[in-house]
>>> print(open('structure_20.pdb').read())   # PDB, C-alpha atoms
ATOM      1  CA  MET A   1      23.566  63.985 206.710
ATOM      2  CA  LYS A   2      25.002  60.530 206.232
ATOM      3  CA  ARG A   3      22.596  57.856 205.012
ATOM      4  CA  THR A   4      22.780  54.483 206.721
ATOM      5  CA  ARG A   5      21.057  51.673 204.859
ATOM      6  CA  LEU A   6      19.800  48.559 206.627
ATOM      7  CA  LEU A   7      18.633  45.412 204.858
ATOM      8  CA  LEU A   8      16.650  43.147 207.172
ATOM      9  CA  VAL A   9      16.453  39.556 205.939
ATOM     10  CA  ARG A  10      14.341  36.803 207.452
ATOM     11  CA  HIS A  11      16.029  33.399 207.489
ATOM     12  CA  GLY A  12      14.892  30.720 205.049
ATOM     13  CA  GLU A  13      12.321  28.076 205.846
ATOM     14  CA  PRO A  14      13.526  25.746 208.638
ATOM     15  CA  SER A  15      13.479  21.964 208.629
ATOM     16  CA  ARG A  16      10.149  20.136 208.636
ATOM     17  CA  VAL A  17      10.877  18.889 212.171
ATOM     18  CA  VAL A  18       9.407  22.148 213.528
ATOM     19  CA  ARG A  19       6.456  22.347 211.133
ATOM     20  CA  GLY A  20       3.319  23.113 213.138
ATOM     21  CA  ARG A  21       5.341  23.565 216.335
ATOM     22  CA  CYS A  22       6.292  26.573 218.413
ATOM     23  CA  TYR A  23       9.986  27.281 218.059
ATOM     24  CA  GLY A  24      12.112  30.212 219.130
ATOM     25  CA  ARG A  25      15.276  29.021 220.821
ATOM     26  CA  LEU A  26      15.025  25.598 219.136
ATOM     27  CA  ASP A  27      17.779  25.278 216.576
ATOM     28  CA  PRO A  28      16.659  23.447 213.424
ATOM     29  CA  PRO A  29      18.681  23.750 210.212
ATOM     30  CA  LEU A  30      17.254  25.128 206.990
ATOM     31  CA  SER A  31      15.076  22.900 204.862
ATOM     32  CA  THR A  32      15.918  22.258 201.217
ATOM     33  CA  ALA A  33      13.325  24.896 200.325
ATOM     34  CA  GLY A  34      14.918  27.286 202.827
ATOM     35  CA  ARG A  35      18.330  26.945 201.209
ATOM     36  CA  ARG A  36      16.746  27.539 197.825
ATOM     37  CA  GLN A  37      15.009  30.664 199.172
ATOM     38  CA  MET A  38      18.279  32.085 200.432
ATOM     39  CA  ARG A  39      20.089  31.427 197.160
ATOM     40  CA  ALA A  40      17.266  33.335 195.443
ATOM     41  CA  THR A  41      17.575  36.138 197.995
ATOM     42  CA  ARG A  42      21.246  36.638 197.063
ATOM     43  CA  ARG A  43      20.157  38.565 193.973
ATOM     44  CA  TRP A  44      19.029  41.405 196.218
ATOM     45  CA  ILE A  45      22.565  41.965 197.459
ATOM     46  CA  ALA A  46      24.755  40.756 194.586
ATOM     47  CA  HIS A  47      25.425  44.325 193.441
ATOM     48  CA  LEU A  48      26.390  45.646 196.889
ATOM     49  CA  ASP A  49      30.043  46.254 197.742
ATOM     50  CA  ASP A  50      31.654  46.893 201.140
ATOM     51  CA  VAL A  51      28.739  45.359 203.037
ATOM     52  CA  HIS A  52      28.942  43.698 206.446
ATOM     53  CA  VAL A  53      26.497  40.964 207.455
ATOM     54  CA  TYR A  54      25.189  40.456 211.007
ATOM     55  CA  CYS A  55      23.070  37.498 212.068
ATOM     56  CA  SER A  56      21.295  35.744 214.917
ATOM     57  CA  PRO A  57      23.243  32.888 216.544
ATOM     58  CA  LEU A  58      20.534  30.349 215.698
ATOM     59  CA  ARG A  59      21.466  27.823 213.034
ATOM     60  CA  ARG A  60      18.703  28.756 210.600
ATOM     61  CA  ALA A  61      19.969  32.347 210.581
ATOM     62  CA  VAL A  62      23.677  31.438 210.495
ATOM     63  CA  GLU A  63      23.108  29.115 207.531
ATOM     64  CA  SER A  64      21.041  31.778 205.775
ATOM     65  CA  ALA A  65      23.706  34.424 206.366
ATOM     66  CA  GLY A  66      26.393  32.109 205.015
ATOM     67  CA  LEU A  67      24.422  31.516 201.826
ATOM     68  CA  LEU A  68      23.925  35.262 201.397
ATOM     69  CA  ALA A  69      27.288  36.610 202.428
ATOM     70  CA  GLY A  70      29.699  34.946 200.022
ATOM     71  CA  ARG A  71      33.074  36.491 200.896
ATOM     72  CA  ARG A  72      31.534  39.253 202.965
ATOM     73  CA  PRO A  73      32.329  39.162 206.706
ATOM     74  CA  VAL A  74      29.598  37.846 209.023
ATOM     75  CA  THR A  75      29.226  38.821 212.695
ATOM     76  CA  VAL A  76      26.985  36.761 214.994
ATOM     77  CA  ASP A  77      25.127  38.870 217.571
ATOM     78  CA  ASP A  78      23.237  37.024 220.321
ATOM     79  CA  ARG A  79      20.847  39.954 220.736
ATOM     80  CA  LEU A  80      19.338  39.178 217.322
ATOM     81  CA  ARG A  81      18.010  35.751 218.371
ATOM     82  CA  GLU A  82      14.312  34.888 218.310
ATOM     83  CA  ILE A  83      12.210  35.092 221.474
ATOM     84  CA  ASP A  84      12.375  32.243 224.001
ATOM     85  CA  PHE A  85       8.923  30.646 224.224
ATOM     86  CA  GLY A  86       9.769  28.818 227.455
ATOM     87  CA  ALA A  87       7.449  25.881 228.152
ATOM     88  CA  PHE A  88       5.873  26.284 224.706
ATOM     89  CA  GLU A  89       9.131  25.454 222.903
ATOM     90  CA  GLY A  90       8.795  22.447 220.648
ATOM     91  CA  LEU A  91       5.108  21.840 221.376
ATOM     92  CA  PRO A  92       2.570  21.587 218.547
ATOM     93  CA  TYR A  93       0.249  24.594 218.552
ATOM     94  CA  THR A  94      -2.709  22.238 218.979
ATOM     95  CA  GLU A  95      -1.180  20.872 222.173
ATOM     96  CA  ILE A  96      -0.436  24.351 223.518
ATOM     97  CA  GLU A  97      -4.082  25.266 222.963
ATOM     98  CA  GLN A  98      -5.208  22.162 224.858
ATOM     99  CA  ARG A  99      -2.768  22.474 227.771
ATOM    100  CA  TYR A 100      -2.860  26.262 228.196
ATOM    101  CA  PRO A 101      -6.280  27.322 226.806
ATOM    102  CA  ASP A 102      -6.533  30.707 228.532
ATOM    103  CA  LEU A 103      -2.945  31.699 227.827
ATOM    104  CA  PHE A 104      -3.233  30.480 224.246
ATOM    105  CA  ARG A 105      -6.305  32.653 223.652
ATOM    106  CA  ALA A 106      -4.520  35.654 225.183
ATOM    107  CA  TRP A 107      -1.479  34.964 222.969
ATOM    108  CA  MET A 108      -3.577  34.821 219.808
ATOM    109  CA  ALA A 109      -5.409  38.026 220.753
ATOM    110  CA  HIS A 110      -2.407  40.017 222.034
ATOM    111  CA  PRO A 111       0.828  38.297 220.918
ATOM    112  CA  THR A 112       3.162  40.953 222.312
ATOM    113  CA  GLY A 113       1.387  41.124 225.684
ATOM    114  CA  VAL A 114       1.985  37.554 226.853
ATOM    115  CA  THR A 115       4.905  36.217 228.880
ATOM    116  CA  PHE A 116       5.410  32.530 228.177
ATOM    117  CA  PRO A 117       5.869  30.169 231.162
ATOM    118  CA  GLY A 118       9.612  30.091 231.819
ATOM    119  CA  GLY A 119      10.199  32.176 228.693
ATOM    120  CA  GLU A 120      11.324  35.662 227.728
ATOM    121  CA  PRO A 121       9.032  38.695 228.145
ATOM    122  CA  PHE A 122       8.411  40.390 224.828
ATOM    123  CA  GLU A 123       9.632  43.742 226.142
ATOM    124  CA  ALA A 124      12.965  42.109 227.027
ATOM    125  CA  MET A 125      13.308  40.855 223.464
ATOM    126  CA  ALA A 126      12.401  44.269 222.051
ATOM    127  CA  GLY A 127      14.971  45.914 224.324
ATOM    128  CA  ARG A 128      17.865  43.703 223.248
ATOM    129  CA  VAL A 129      16.947  44.040 219.552
ATOM    130  CA  ARG A 130      16.835  47.831 219.872
ATOM    131  CA  ASP A 131      20.202  47.828 221.646
ATOM    132  CA  ALA A 132      21.744  45.726 218.882
ATOM    133  CA  LEU A 133      20.400  47.930 216.106
ATOM    134  CA  ALA A 134      21.450  51.153 217.832
ATOM    135  CA  GLU A 135      25.001  49.833 218.191
ATOM    136  CA  LEU A 136      25.050  48.561 214.615
ATOM    137  CA  ARG A 137      23.945  51.947 213.275
ATOM    138  CA  ARG A 138      26.674  53.699 215.282
ATOM    139  CA  ARG A 139      29.330  51.331 213.963
ATOM    140  CA  ARG A 140      28.111  51.375 210.356
ATOM    141  CA  THR A 141      27.038  55.001 209.962
ATOM    142  CA  GLY A 142      26.940  55.945 206.297
ATOM    143  CA  GLN A 143      27.193  52.300 205.176
ATOM    144  CA  THR A 144      24.900  49.494 204.056
ATOM    145  CA  THR A 145      24.483  46.615 206.495
ATOM    146  CA  ILE A 146      22.595  43.331 206.202
ATOM    147  CA  VAL A 147      20.941  41.742 209.249
ATOM    148  CA  VAL A 148      19.813  38.117 208.887
ATOM    149  CA  ALA A 149      17.459  37.255 211.716
ATOM    150  CA  HIS A 150      13.860  36.322 212.466
ATOM    151  CA  GLY A 151      10.363  37.545 211.776
ATOM    152  CA  GLY A 152       9.998  38.942 215.285
ATOM    153  CA  VAL A 153      13.312  40.788 215.149
ATOM    154  CA  ASN A 154      12.489  42.327 211.768
ATOM    155  CA  ARG A 155       9.021  43.384 212.862
ATOM    156  CA  ILE A 156      10.371  45.186 215.939
ATOM    157  CA  VAL A 157      12.785  47.217 213.798
ATOM    158  CA  LEU A 158      10.150  47.955 211.149
ATOM    159  CA  ALA A 159       7.475  48.910 213.684
ATOM    160  CA  ASP A 160       9.876  51.322 215.374
ATOM    161  CA  ALA A 161      10.854  52.829 212.022
ATOM    162  CA  LEU A 162       7.197  53.283 211.051
ATOM    163  CA  GLY A 163       6.128  54.616 214.450
ATOM    164  CA  LEU A 164       3.775  51.669 214.981
ATOM    165  CA  PRO A 165       2.992  50.331 218.451
ATOM    166  CA  LEU A 166       4.559  46.908 218.864
ATOM    167  CA  ALA A 167       1.065  45.478 219.383
ATOM    168  CA  SER A 168       0.474  46.184 215.666
ATOM    169  CA  MET A 169       3.713  44.696 214.353
ATOM    170  CA  PHE A 170       2.148  41.433 213.197
ATOM    171  CA  ARG A 171       0.335  43.416 210.521
ATOM    172  CA  LEU A 172       3.709  43.418 208.751
ATOM    173  CA  ALA A 173       4.186  40.268 206.661
ATOM    174  CA  GLN A 174       7.589  38.590 206.954
ATOM    175  CA  ASP A 175       7.910  35.607 204.633
ATOM    176  CA  HIS A 176      10.881  33.262 204.828
ATOM    177  CA  GLY A 177      13.799  34.701 202.880
ATOM    178  CA  CYS A 178      12.230  38.156 202.545
ATOM    179  CA  VAL A 179      14.160  41.437 202.395
ATOM    180  CA  ASN A 180      13.184  44.741 204.023
ATOM    181  CA  VAL A 181      14.998  48.027 203.408
ATOM    182  CA  VAL A 182      15.225  50.841 205.959
ATOM    183  CA  GLU A 183      17.321  53.931 205.324
ATOM    184  CA  TYR A 184      18.301  56.245 208.179
ATOM    185  CA  VAL A 185      19.007  59.870 207.319
ATOM    186  CA  GLY A 186      20.736  60.850 210.526
ATOM    187  CA  ASP A 187      18.307  59.378 213.068
ATOM    188  CA  ALA A 188      15.223  59.676 210.841
ATOM    189  CA  PRO A 189      14.137  56.315 209.354
ATOM    190  CA  VAL A 190      12.639  55.910 205.896
ATOM    191  CA  VAL A 191      11.161  52.480 205.149
ATOM    192  CA  ARG A 192      11.814  51.834 201.471
ATOM    193  CA  ALA A 193      10.623  48.240 201.138
ATOM    194  CA  VAL A 194       8.883  45.564 203.200
ATOM    195  CA  ASN A 195       8.739  41.775 202.650
ATOM    196  CA  LEU A 196      10.368  41.709 199.218
ATOM    197  CA  THR A 197      10.520  38.171 197.909
ATOM    198  CA  GLU A 198      10.200  38.154 194.114
ATOM    199  CA  ALA A 199      12.126  40.786 192.147
ATOM    200  CA  PRO A 200      15.427  42.537 192.894
ATOM    201  CA  CYS A 201      15.354  46.151 194.100
TER     202      CYS A 201
END
>>> encode(input="structure_20.pdb", output="structure tokens")
Amino acid sequence: MKRTRLLLVRHGEPSRVVRGRCYGRLDPPLSTAGRRQMRATRRWIAHLDDVHVYCSPLRRAVESAGLLAGRRPVTVDDRLREIDFGAFEGLPYTEIEQRYPDLFRAWMAHPTGVTFPGGEPFEAMAGRVRDALAELRRRRTGQTTIVVAHGGVNRIVLADALGLPLASMFRLAQDHGCVNVVEYVGDAPVVRAVNLTEAPC
């Protein structure tokens, strides 16, 4: 069977303007540290030839993909964007807790079970991410592909590959600039690495 290799990369650290705030559809650039993280992440892919890069349309992911890709082609896929937090977007977490105490407690206890006011249901996000990855695997069967996206996107793919319920996906660490490796043998996933940040594979 053909082996299809997927490298999931979380974007670098975003600008300080969103530090301590809820952001999903907000579009900050990378911070200086974020750009440095992505330059360090390049070592994971420097040896790979004939690789295509896909990314979320949000600026922090597009910038990260550009720093990683070099001369490799990059395709932006809207389905890889982060979740829309609706009325929570841009608010400090402390303010969300004050203004929406019951919903905030439910969010902290069951992060995938909450629909944000005016935002995107988690199941809708999971559905579009799964659609994007299924199409990508069909197009790139037998190849290695890099996806530069967000912690939530990566966790959905990893949880599915590991057979975890999505309610458990936040047990999977996803640091800024990290790399995860999933190999599909036919349709059977093998997770080879999670949250790599320090040494090349």
>>> residues_near_point(input="structure_20.pdb", point="(10.3, 49.8, 216.3)", cutoff="12 Å", atoms="only C-alpha atoms", output="PyMOL selection string")
chain A and resi 123+125-131+133-134+152-169+172+182+189+191
>>> atom_distance(input="structure_20.pdb", atom1="CA of Asp187 (chain A)", atom2="CA of Ala69 (chain A)")
26.7 Å
>>> closest_atom_pairs(input="structure_20.pdb", of="region 110-192 of chain A", to="region 11-21 of chain A", cutoff="9 Å", atoms="all atoms listed in the file", output="Markdown table")
| residue | atom | partner | partner_atom | distance |
| --- | --- | --- | --- | --- |
| A:Val148 | CA | A:His11 | CA | 6.2 |
| A:Ala149 | CA | A:His11 | CA | 5.9 |
| A:His150 | CA | A:His11 | CA | 6.2 |
| A:Gly151 | CA | A:His11 | CA | 8.2 |
| A:Asp175 | CA | A:Gly12 | CA | 8.5 |
| A:His176 | CA | A:Gly12 | CA | 4.8 |
| A:Gly177 | CA | A:Gly12 | CA | 4.7 |
| A:Cys178 | CA | A:His11 | CA | 7.8 |
>>> closest_atom_pairs(input="structure_20.pdb", of="region 84-198 of chain A", to="region 32-51 of chain A", cutoff="10 Å", atoms="all atoms listed in the file", output="tab-separated table")
residue	atom	partner	partner_atom	distance
A:Arg140	CA	A:Val51	CA	9.5
A:Gln143	CA	A:Val51	CA	7.4
A:Thr144	CA	A:Val51	CA	5.7
A:Thr145	CA	A:Val51	CA	5.6
A:Ile146	CA	A:Val51	CA	7.2
A:His176	CA	A:Gln37	CA	7.5
A:Gly177	CA	A:Gln37	CA	5.6
A:Cys178	CA	A:Thr41	CA	7.3
A:Val179	CA	A:Thr41	CA	7.7
A:Leu196	CA	A:Trp44	CA	9.2
A:Thr197	CA	A:Thr41	CA	7.3
A:Glu198	CA	A:Thr41	CA	8.6
>>> resolve_selection(input="structure_20.pdb", expression="the PyMOL selection byres ((chain A and resi 86) around 10)", output="compact mmCIF listing (two decimals) with C-alpha atoms, in the coordinates of the input")
# COMPACT_ATOMS: atom_id res chain seq x y z
CA CYS A 22 6.29 26.57 218.41
CA TYR A 23 9.99 27.28 218.06
CA GLY A 24 12.11 30.21 219.13
CA ARG A 25 15.28 29.02 220.82
CA ILE A 83 12.21 35.09 221.47
CA ASP A 84 12.38 32.24 224.00
CA PHE A 85 8.92 30.65 224.22
CA ALA A 87 7.45 25.88 228.15
CA PHE A 88 5.87 26.28 224.71
CA GLU A 89 9.13 25.45 222.90
CA GLY A 90 8.80 22.45 220.65
CA THR A 115 4.90 36.22 228.88
CA PHE A 116 5.41 32.53 228.18
CA PRO A 117 5.87 30.17 231.16
CA GLY A 118 9.61 30.09 231.82
CA GLY A 119 10.20 32.18 228.69
CA GLU A 120 11.32 35.66 227.73
CA PRO A 121 9.03 38.70 228.14
>>> closest_residue(input="structure_20.pdb", among="A:Arg10, A:Arg71, A:Arg81, A:His110", to="Pro57 (chain A)", atoms="only C-alpha atoms")
A:Arg81
>>> closest_residue(input="structure_20.pdb", among="A:Leu7, A:Arg59, A:Leu30, A:Tyr54", to="Tyr184 (chain A)", atoms="all atoms listed in the file")
A:Leu7
>>> resolve_selection(input="structure_20.pdb", expression="the PyMOL selection byres ((chain A and resi 56) around 6)", output="NGL selection string")
:A and (55 or 57-58 or 61 or 76-78 or 80-81 or 149)
>>> write_last_selection(input="structure_20.pdb", atoms="C-alpha atoms", output="mmCIF file, keeping the file's coordinate frame")
data_model
loop_
_atom_site.group_PDB
_atom_site.id
_atom_site.type_symbol
_atom_site.label_atom_id
_atom_site.label_comp_id
_atom_site.auth_asym_id
_atom_site.auth_seq_id
_atom_site.Cartn_x
_atom_site.Cartn_y
_atom_site.Cartn_z
ATOM 1 C CA CYS A 55 23.070 37.498 212.068
ATOM 2 C CA PRO A 57 23.243 32.888 216.544
ATOM 3 C CA LEU A 58 20.534 30.349 215.698
ATOM 4 C CA ALA A 61 19.969 32.347 210.581
ATOM 5 C CA VAL A 76 26.985 36.761 214.994
ATOM 6 C CA ASP A 77 25.127 38.870 217.571
ATOM 7 C CA ASP A 78 23.237 37.024 220.321
ATOM 8 C CA LEU A 80 19.338 39.178 217.322
ATOM 9 C CA ARG A 81 18.010 35.751 218.371
ATOM 10 C CA ALA A 149 17.459 37.255 211.716
#
>>> atom_distance(input="structure_20.pdb", atom1="CA of Arg192 (chain A)", atom2="CA of Ala124 (chain A)")
27.4 Å
>>> resolve_selection(input="structure_20.pdb", expression="the PyMOL selection byres ((chain A and resi 74) around 6)", output="PyMOL selection string")
chain A and resi 53-54+73+75
>>> axis_aligned_box(input="structure_20.pdb", around="region 114-118 of chain A", padding_each_side="5 Å", output="AutoDock Vina command-line options")
--center_x 5.8 --center_y 33.8 --center_z 229.3 --size_x 17.6 --size_y 17.5 --size_z 15.0
>>> closest_residue(input="structure_20.pdb", among="A:Val147, A:Arg105, A:Ser31, A:Arg138", to="Gly186 (chain A)", atoms="only C-alpha atoms")
A:Arg138
>>> atom_distance(input="structure_20.pdb", atom1="CA of Asp27 (chain A)", atom2="CA of Ala106 (chain A)")
26.1 Å
>>> closest_residue(input="structure_20.pdb", among="A:Leu68, A:Leu26, A:Met108, A:Met1", to="Phe170 (chain A)", atoms="all atoms listed in the file")
A:Met108
>>> decode(input="structure_20.pdb", residues="region 15-33 of chain A", atoms="N, CA and C atoms", output="compact mmCIF listing (two decimals), in the first residue's frame")
# COMPACT_ATOMS: atom_id res chain seq x y z
N SER A 15 1.57 37.95 17.52
CA SER A 15 1.91 39.23 18.12
C SER A 15 1.37 39.35 19.54
N ARG A 16 2.04 40.17 20.34
CA ARG A 16 1.64 40.39 21.73
C ARG A 16 0.26 41.04 21.85
N VAL A 17 -0.26 41.59 20.76
CA VAL A 17 -1.56 42.28 20.85
C VAL A 17 -2.68 41.32 21.26
N VAL A 18 -2.48 40.00 21.06
CA VAL A 18 -3.52 39.05 21.45
C VAL A 18 -3.14 38.27 22.71
N ARG A 19 -2.05 38.63 23.34
CA ARG A 19 -1.63 37.94 24.57
C ARG A 19 -2.70 38.05 25.63
N GLY A 20 -3.13 36.93 26.18
CA GLY A 20 -4.15 36.93 27.22
C GLY A 20 -5.56 37.12 26.72
N ARG A 21 -5.73 37.14 25.38
CA ARG A 21 -7.05 37.35 24.78
C ARG A 21 -7.49 36.10 24.01
N CYS A 22 -8.77 35.99 23.80
CA CYS A 22 -9.32 34.92 23.00
C CYS A 22 -9.25 35.32 21.53
N TYR A 23 -8.61 34.52 20.73
CA TYR A 23 -8.52 34.86 19.31
C TYR A 23 -8.64 33.58 18.48
N GLY A 24 -9.46 33.65 17.47
CA GLY A 24 -9.63 32.57 16.52
C GLY A 24 -9.59 33.16 15.13
N ARG A 25 -10.64 33.93 14.80
CA ARG A 25 -10.68 34.56 13.48
C ARG A 25 -9.87 35.86 13.44
N LEU A 26 -9.49 36.40 14.62
CA LEU A 26 -8.63 37.58 14.62
C LEU A 26 -7.35 37.26 13.87
N ASP A 27 -6.74 38.29 13.29
CA ASP A 27 -5.67 38.01 12.32
C ASP A 27 -4.36 38.72 12.65
N PRO A 28 -3.78 38.47 13.82
CA PRO A 28 -2.52 39.11 14.16
C PRO A 28 -1.37 38.50 13.36
N PRO A 29 -0.30 39.26 13.14
CA PRO A 29 0.90 38.70 12.51
C PRO A 29 1.69 37.88 13.53
N LEU A 30 2.77 37.28 13.08
CA LEU A 30 3.67 36.61 14.00
C LEU A 30 4.45 37.64 14.82
N SER A 31 4.80 37.25 16.03
CA SER A 31 5.72 38.05 16.83
C SER A 31 7.15 37.78 16.35
N THR A 32 8.09 38.54 16.88
CA THR A 32 9.50 38.27 16.58
C THR A 32 9.88 36.87 17.01
N ALA A 33 9.40 36.46 18.19
CA ALA A 33 9.67 35.10 18.67
C ALA A 33 9.02 34.07 17.75
